[in-house]
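Note sheet for the following structure.
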Amino acid sequence: MIKYTLWSPDTCGCQIEYSWDDSVDAKDRVHTCVSIRKKCEHHAYLMDKHKHHNEILKENQMKNKVITKITESIPSIYEEIEIDGAKHKRLKKDKNILWYFDNARKLCLTLEGFSNDEKQITKNIMDIDYTNQINIEEDI
């Protein structure tokens, strides 16, 4: 059955309605943009609904992949917890990754509670995988 979802990403103020087929396995599922309900100031220039959806999805997925990669690559910043019998990684209580997209839509990160070594490892990872797409800011 075709389902409809109204998505408000955490990376901007847009709202997108998309459709998907719940009879298709989640890993094979395709989300199709139905309409742009709200445009934020950063994406107002995108006139085609599919390009709009794809741009927002790209930003959102990049942010999620970056945070996951940092968490998985530096064992000293996370702890493993068990939820419903499955192990999950969670940042230690004294660590935090703050993020936002600047006006040029560059992902900006602040690494709170990270040691200098952990920050350097993060910078090295980002330089390899996300050259010129991410800015790591100083923790204040």
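We label chains A, B, ... in the order they appear in the structure tokens, count residues from 1 in each chain, and number ligands from 1 in the order shown.
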
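Every protein or nucleic acid residue with an atom no more than 8 Å from range 12-16 of chain A, counting only C-alpha atoms and leaving out same-chain residues fewer than 5 positions away, appears here: Leu6, Trp7, Cys33, Val34, Ser35, Ile36, Arg37, Lys38, Lys39, Cys40, His42, His43, His53 and Ile56 of chain A.
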
Could you please write out, as a PDB file with N, CA and C atoms, in the first residue's frame, every residue of chain A that DSSP assigns to helix (DSSP H, G or I)?
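Saved the output as result_7.pdb:
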ATOM      1  N   ALA A  26      12.213  -2.374   3.581  1.00  0.00           N
ATOM      2  CA  ALA A  26      12.767  -1.052   3.916  1.00  0.00           C
ATOM      3  C   ALA A  26      14.080  -0.766   3.198  1.00  0.00           C
ATOM      4  N   LYS A  27      14.942  -1.759   3.053  1.00  0.00           N
ATOM      5  CA  LYS A  27      16.236  -1.506   2.407  1.00  0.00           C
ATOM      6  C   LYS A  27      16.108  -1.271   0.901  1.00  0.00           C
ATOM      7  N   ASP A  28      14.986  -1.670   0.306  1.00  0.00           N
ATOM      8  CA  ASP A  28      14.763  -1.485  -1.125  1.00  0.00           C
ATOM      9  C   ASP A  28      13.743  -0.381  -1.423  1.00  0.00           C
ATOM     10  N   LYS A  49      10.607  20.053  -7.419  1.00  0.00           N
ATOM     11  CA  LYS A  49      10.381  19.361  -6.142  1.00  0.00           C
ATOM     12  C   LYS A  49      11.322  18.184  -5.939  1.00  0.00           C
ATOM     13  N   HIS A  50      11.683  17.487  -7.019  1.00  0.00           N
ATOM     14  CA  HIS A  50      12.578  16.336  -6.876  1.00  0.00           C
ATOM     15  C   HIS A  50      14.010  16.786  -6.567  1.00  0.00           C
ATOM     16  N   LYS A  51      14.454  17.865  -7.207  1.00  0.00           N
ATOM     17  CA  LYS A  51      15.787  18.404  -6.899  1.00  0.00           C
ATOM     18  C   LYS A  51      15.819  18.926  -5.466  1.00  0.00           C
ATOM     19  N   HIS A  52      14.736  19.562  -5.050  1.00  0.00           N
ATOM     20  CA  HIS A  52      14.629  20.080  -3.686  1.00  0.00           C
ATOM     21  C   HIS A  52      14.756  18.923  -2.684  1.00  0.00           C
ATOM     22  N   HIS A  53      13.966  17.896  -2.887  1.00  0.00           N
ATOM     23  CA  HIS A  53      13.994  16.714  -2.012  1.00  0.00           C
ATOM     24  C   HIS A  53      15.388  16.102  -1.993  1.00  0.00           C
ATOM     25  N   ASN A  54      15.987  15.929  -3.168  1.00  0.00           N
ATOM     26  CA  ASN A  54      17.304  15.295  -3.250  1.00  0.00           C
ATOM     27  C   ASN A  54      18.383  16.106  -2.547  1.00  0.00           C
ATOM     28  N   GLU A  55      18.327  17.430  -2.651  1.00  0.00           N
ATOM     29  CA  GLU A  55      19.321  18.287  -1.999  1.00  0.00           C
ATOM     30  C   GLU A  55      19.211  18.195  -0.483  1.00  0.00           C
ATOM     31  N   ILE A  56      18.001  18.243   0.020  1.00  0.00           N
ATOM     32  CA  ILE A  56      17.789  18.159   1.468  1.00  0.00           C
ATOM     33  C   ILE A  56      18.173  16.775   1.983  1.00  0.00           C
ATOM     34  N   LEU A  57      17.798  15.749   1.253  1.00  0.00           N
ATOM     35  CA  LEU A  57      18.151  14.387   1.632  1.00  0.00           C
ATOM     36  C   LEU A  57      19.666  14.213   1.654  1.00  0.00           C
ATOM     37  N   LYS A  58      20.356  14.759   0.657  1.00  0.00           N
ATOM     38  CA  LYS A  58      21.825  14.669   0.590  1.00  0.00           C
ATOM     39  C   LYS A  58      22.464  15.315   1.819  1.00  0.00           C
ATOM     40  N   GLU A  59      22.000  16.507   2.194  1.00  0.00           N
ATOM     41  CA  GLU A  59      22.542  17.184   3.383  1.00  0.00           C
ATOM     42  C   GLU A  59      22.266  16.370   4.645  1.00  0.00           C
ATOM     43  N   ASN A  60      21.047  15.900   4.786  1.00  0.00           N
ATOM     44  CA  ASN A  60      20.662  15.156   5.979  1.00  0.00           C
ATOM     45  C   ASN A  60      21.456  13.857   6.100  1.00  0.00           C
ATOM     46  N   GLN A  61      21.593  13.141   4.994  1.00  0.00           N
ATOM     47  CA  GLN A  61      22.349  11.882   5.024  1.00  0.00           C
ATOM     48  C   GLN A  61      23.823  12.123   5.287  1.00  0.00           C
ATOM     49  N   MET A  62      24.383  13.206   4.731  1.00  0.00           N
ATOM     50  CA  MET A  62      25.791  13.502   4.988  1.00  0.00           C
ATOM     51  C   MET A  62      26.000  13.757   6.479  1.00  0.00           C
ATOM     52  N   LYS A  63      25.139  14.568   7.101  1.00  0.00           N
ATOM     53  CA  LYS A  63      25.251  14.847   8.525  1.00  0.00           C
ATOM     54  C   LYS A  63      25.182  13.548   9.331  1.00  0.00           C
ATOM     55  N   ASN A  64      24.237  12.688   9.002  1.00  0.00           N
ATOM     56  CA  ASN A  64      24.094  11.420   9.722  1.00  0.00           C
ATOM     57  C   ASN A  64      25.316  10.525   9.529  1.00  0.00           C
ATOM     58  N   LYS A  65      25.835  10.458   8.299  1.00  0.00           N
ATOM     59  CA  LYS A  65      27.010   9.621   8.019  1.00  0.00           C
ATOM     60  C   LYS A  65      28.242  10.150   8.734  1.00  0.00           C
ATOM     61  N   VAL A  66      28.406  11.465   8.759  1.00  0.00           N
ATOM     62  CA  VAL A  66      29.562  12.070   9.435  1.00  0.00           C
ATOM     63  C   VAL A  66      29.545  11.734  10.925  1.00  0.00           C
ATOM     64  N   ILE A  67      28.420  11.927  11.572  1.00  0.00           N
ATOM     65  CA  ILE A  67      28.334  11.645  13.005  1.00  0.00           C
ATOM     66  C   ILE A  67      28.545  10.157  13.276  1.00  0.00           C
ATOM     67  N   THR A  68      27.968   9.301  12.451  1.00  0.00           N
ATOM     68  CA  THR A  68      28.171   7.852  12.607  1.00  0.00           C
ATOM     69  C   THR A  68      29.634   7.489  12.414  1.00  0.00           C
ATOM     70  N   LYS A  69      30.267   8.058  11.384  1.00  0.00           N
ATOM     71  CA  LYS A  69      31.674   7.737  11.109  1.00  0.00           C
ATOM     72  C   LYS A  69      32.571   8.172  12.271  1.00  0.00           C
ATOM     73  N   ILE A  70      32.321   9.349  12.810  1.00  0.00           N
ATOM     74  CA  ILE A  70      33.117   9.815  13.950  1.00  0.00           C
ATOM     75  C   ILE A  70      32.938   8.853  15.123  1.00  0.00           C
ATOM     76  N   THR A  71      31.698   8.534  15.424  1.00  0.00           N
ATOM     77  CA  THR A  71      31.393   7.668  16.562  1.00  0.00           C
ATOM     78  C   THR A  71      32.010   6.288  16.393  1.00  0.00           C
ATOM     79  N   GLU A  72      31.951   5.735  15.191  1.00  0.00           N
ATOM     80  CA  GLU A  72      32.485   4.389  14.964  1.00  0.00           C
ATOM     81  C   GLU A  72      34.003   4.352  14.884  1.00  0.00           C
ATOM     82  N   SER A  73      34.628   5.480  14.530  1.00  0.00           N
ATOM     83  CA  SER A  73      36.074   5.492  14.279  1.00  0.00           C
ATOM     84  C   SER A  73      36.924   5.789  15.508  1.00  0.00           C
ATOM     85  N   PRO A  75      36.967   4.832  19.289  1.00  0.00           N
ATOM     86  CA  PRO A  75      36.394   4.075  20.411  1.00  0.00           C
ATOM     87  C   PRO A  75      36.406   4.808  21.748  1.00  0.00           C
ATOM     88  N   SER A  76      37.329   5.744  21.936  1.00  0.00           N
ATOM     89  CA  SER A  76      37.420   6.426  23.232  1.00  0.00           C
ATOM     90  C   SER A  76      36.266   7.401  23.487  1.00  0.00           C
ATOM     91  N   ILE A  77      35.462   7.703  22.475  1.00  0.00           N
ATOM     92  CA  ILE A  77      34.390   8.687  22.671  1.00  0.00           C
ATOM     93  C   ILE A  77      33.027   8.049  22.922  1.00  0.00           C
ATOM     94  N   ASN A 116      42.515  16.554  22.333  1.00  0.00           N
ATOM     95  CA  ASN A 116      43.183  17.032  21.113  1.00  0.00           C
ATOM     96  C   ASN A 116      43.425  15.883  20.140  1.00  0.00           C
ATOM     97  N   ASP A 117      43.788  14.711  20.656  1.00  0.00           N
ATOM     98  CA  ASP A 117      43.998  13.551  19.787  1.00  0.00           C
ATOM     99  C   ASP A 117      42.696  13.139  19.096  1.00  0.00           C
ATOM    100  N   GLU A 118      41.593  13.122  19.837  1.00  0.00           N
ATOM    101  CA  GLU A 118      40.295  12.755  19.256  1.00  0.00           C
ATOM    102  C   GLU A 118      39.862  13.770  18.200  1.00  0.00           C
ATOM    103  N   LYS A 119      40.132  15.044  18.453  1.00  0.00           N
ATOM    104  CA  LYS A 119      39.823  16.080  17.468  1.00  0.00           C
ATOM    105  C   LYS A 119      40.673  15.899  16.207  1.00  0.00           C
ATOM    106  N   GLN A 120      41.941  15.571  16.399  1.00  0.00           N
ATOM    107  CA  GLN A 120      42.819  15.393  15.241  1.00  0.00           C
ATOM    108  C   GLN A 120      42.389  14.182  14.406  1.00  0.00           C
ATOM    109  N   ILE A 121      42.025  13.104  15.066  1.00  0.00           N
ATOM    110  CA  ILE A 121      41.524  11.922  14.339  1.00  0.00           C
ATOM    111  C   ILE A 121      40.284  12.302  13.539  1.00  0.00           C
ATOM    112  N   THR A 122      39.385  13.054  14.161  1.00  0.00           N
ATOM    113  CA  THR A 122      38.170  13.493  13.469  1.00  0.00           C
ATOM    114  C   THR A 122      38.519  14.349  12.257  1.00  0.00           C
ATOM    115  N   LYS A 123      39.431  15.296  12.427  1.00  0.00           N
ATOM    116  CA  LYS A 123      39.846  16.149  11.307  1.00  0.00           C
ATOM    117  C   LYS A 123      40.444  15.313  10.185  1.00  0.00           C
ATOM    118  N   ASN A 124      41.262  14.330  10.523  1.00  0.00           N
ATOM    119  CA  ASN A 124      41.866  13.475   9.497  1.00  0.00           C
ATOM    120  C   ASN A 124      40.798  12.698   8.728  1.00  0.00           C
ATOM    121  N   ILE A 125      39.821  12.160   9.451  1.00  0.00           N
ATOM    122  CA  ILE A 125      38.728  11.421   8.805  1.00  0.00           C
ATOM    123  C   ILE A 125      37.960  12.346   7.859  1.00  0.00           C
ATOM    124  N   MET A 126      37.637  13.540   8.327  1.00  0.00           N
ATOM    125  CA  MET A 126      36.853  14.474   7.519  1.00  0.00           C
ATOM    126  C   MET A 126      37.630  14.953   6.304  1.00  0.00           C
ATOM    127  N   ASP A 127      38.952  15.156   6.461  1.00  0.00           N
ATOM    128  CA  ASP A 127      39.777  15.590   5.328  1.00  0.00           C
ATOM    129  C   ASP A 127      39.807  14.534   4.228  1.00  0.00           C
ATOM    130  N   ILE A 128      39.774  13.272   4.616  1.00  0.00           N
ATOM    131  CA  ILE A 128      39.806  12.183   3.632  1.00  0.00           C
ATOM    132  C   ILE A 128      38.451  12.032   2.947  1.00  0.00           C
ATOM    133  N   ASP A 129      37.389  11.990   3.723  1.00  0.00           N
ATOM    134  CA  ASP A 129      36.071  11.655   3.174  1.00  0.00           C
ATOM    135  C   ASP A 129      35.223  12.861   2.772  1.00  0.00           C
TER     136      ASP A 129
END

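When the distance limit is 10 Å and only C-alpha atoms are what count, the residues near range 106-108 of chain A, minus those fewer than 3 positions from it on the same chain, are Thr11, Glu59, Met62, Lys63, Val66, Leu98, Trp99, Tyr100, Phe101, Asp102, Asn103, Tyr130, Asn132, Gln133, Ile134, Asn135, Ile136 and Glu137 of chain A.
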
Residues within 8 Å of Glu80 in chain A, only C-alpha atoms, excluding chain neighbours under 5 positions, as a count of residues only: 4

Please run DSSP on the backbone and report, as a ChimeraX atom specification, all residues within chain A that come out as strand (DSSP E). /A:2-7,15-21,32-38,78-83,86-91,96-101,107-112,134-137

Selection file, C-alpha atoms, as a short mmCIF file (atom, residue, chain, number, x, y, z; two decimals), in the first residue's frame:
data_model
loop_
_atom_site.label_atom_id
_atom_site.label_comp_id
_atom_site.auth_asym_id
_atom_site.auth_seq_id
_atom_site.Cartn_x
_atom_site.Cartn_y
_atom_site.Cartn_z
CA ILE A 2 1.25 3.50 -0.81
CA LYS A 3 1.84 5.58 2.32
CA TYR A 4 2.53 9.29 2.69
CA THR A 5 4.88 10.99 5.15
CA LEU A 6 5.41 14.64 5.96
CA TRP A 7 9.12 15.05 6.66
CA GLN A 15 8.80 20.31 4.93
CA ILE A 16 8.46 17.65 2.27
CA GLU A 17 5.68 15.20 1.63
CA TYR A 18 6.86 11.95 0.12
CA SER A 19 5.27 8.64 -0.76
CA TRP A 20 6.53 5.11 -0.26
CA ASP A 21 5.25 1.57 -0.65
CA THR A 32 9.17 9.79 -4.01
CA CYS A 33 8.63 13.48 -3.45
CA VAL A 34 4.95 14.38 -3.75
CA SER A 35 5.14 18.05 -2.77
CA ILE A 36 7.21 20.69 -1.04
CA ARG A 37 4.99 21.98 1.76
CA LYS A 38 7.45 24.55 3.11
CA TYR A 78 31.62 6.12 22.93
CA GLU A 79 30.22 3.45 25.17
CA GLU A 80 28.17 0.45 24.17
CA ILE A 81 24.70 0.06 25.57
CA GLU A 82 22.18 -2.72 25.13
CA ILE A 83 18.64 -1.99 23.99
CA ALA A 86 21.00 -5.35 20.58
CA LYS A 87 24.22 -3.42 21.20
CA HIS A 88 24.31 0.26 20.28
CA LYS A 89 27.02 2.91 20.46
CA ARG A 90 26.37 6.14 22.34
CA LEU A 91 28.64 9.09 22.99
CA ASN A 96 29.01 15.92 22.43
CA ILE A 97 28.95 16.63 18.71
CA LEU A 98 27.16 19.88 17.93
CA TRP A 99 26.44 20.69 14.31
CA TYR A 100 24.78 23.17 11.98
CA PHE A 101 24.87 24.07 8.30
CA LEU A 107 28.44 21.29 7.73
CA CYS A 108 30.04 22.84 10.81
CA LEU A 109 30.92 20.67 13.80
CA THR A 110 31.91 21.49 17.36
CA LEU A 111 33.41 18.58 19.30
CA GLU A 112 32.69 19.14 22.98
CA ILE A 134 32.91 20.26 6.70
CA ASN A 135 34.34 22.80 9.09
CA ILE A 136 35.42 21.66 12.56
CA GLU A 137 35.12 24.57 14.95
#

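Closest to Asp94 in chain A among A:Ser115, A:Thr131, A:Ser8, A:Ser23 is A:Ser115, based on only C-alpha atoms.
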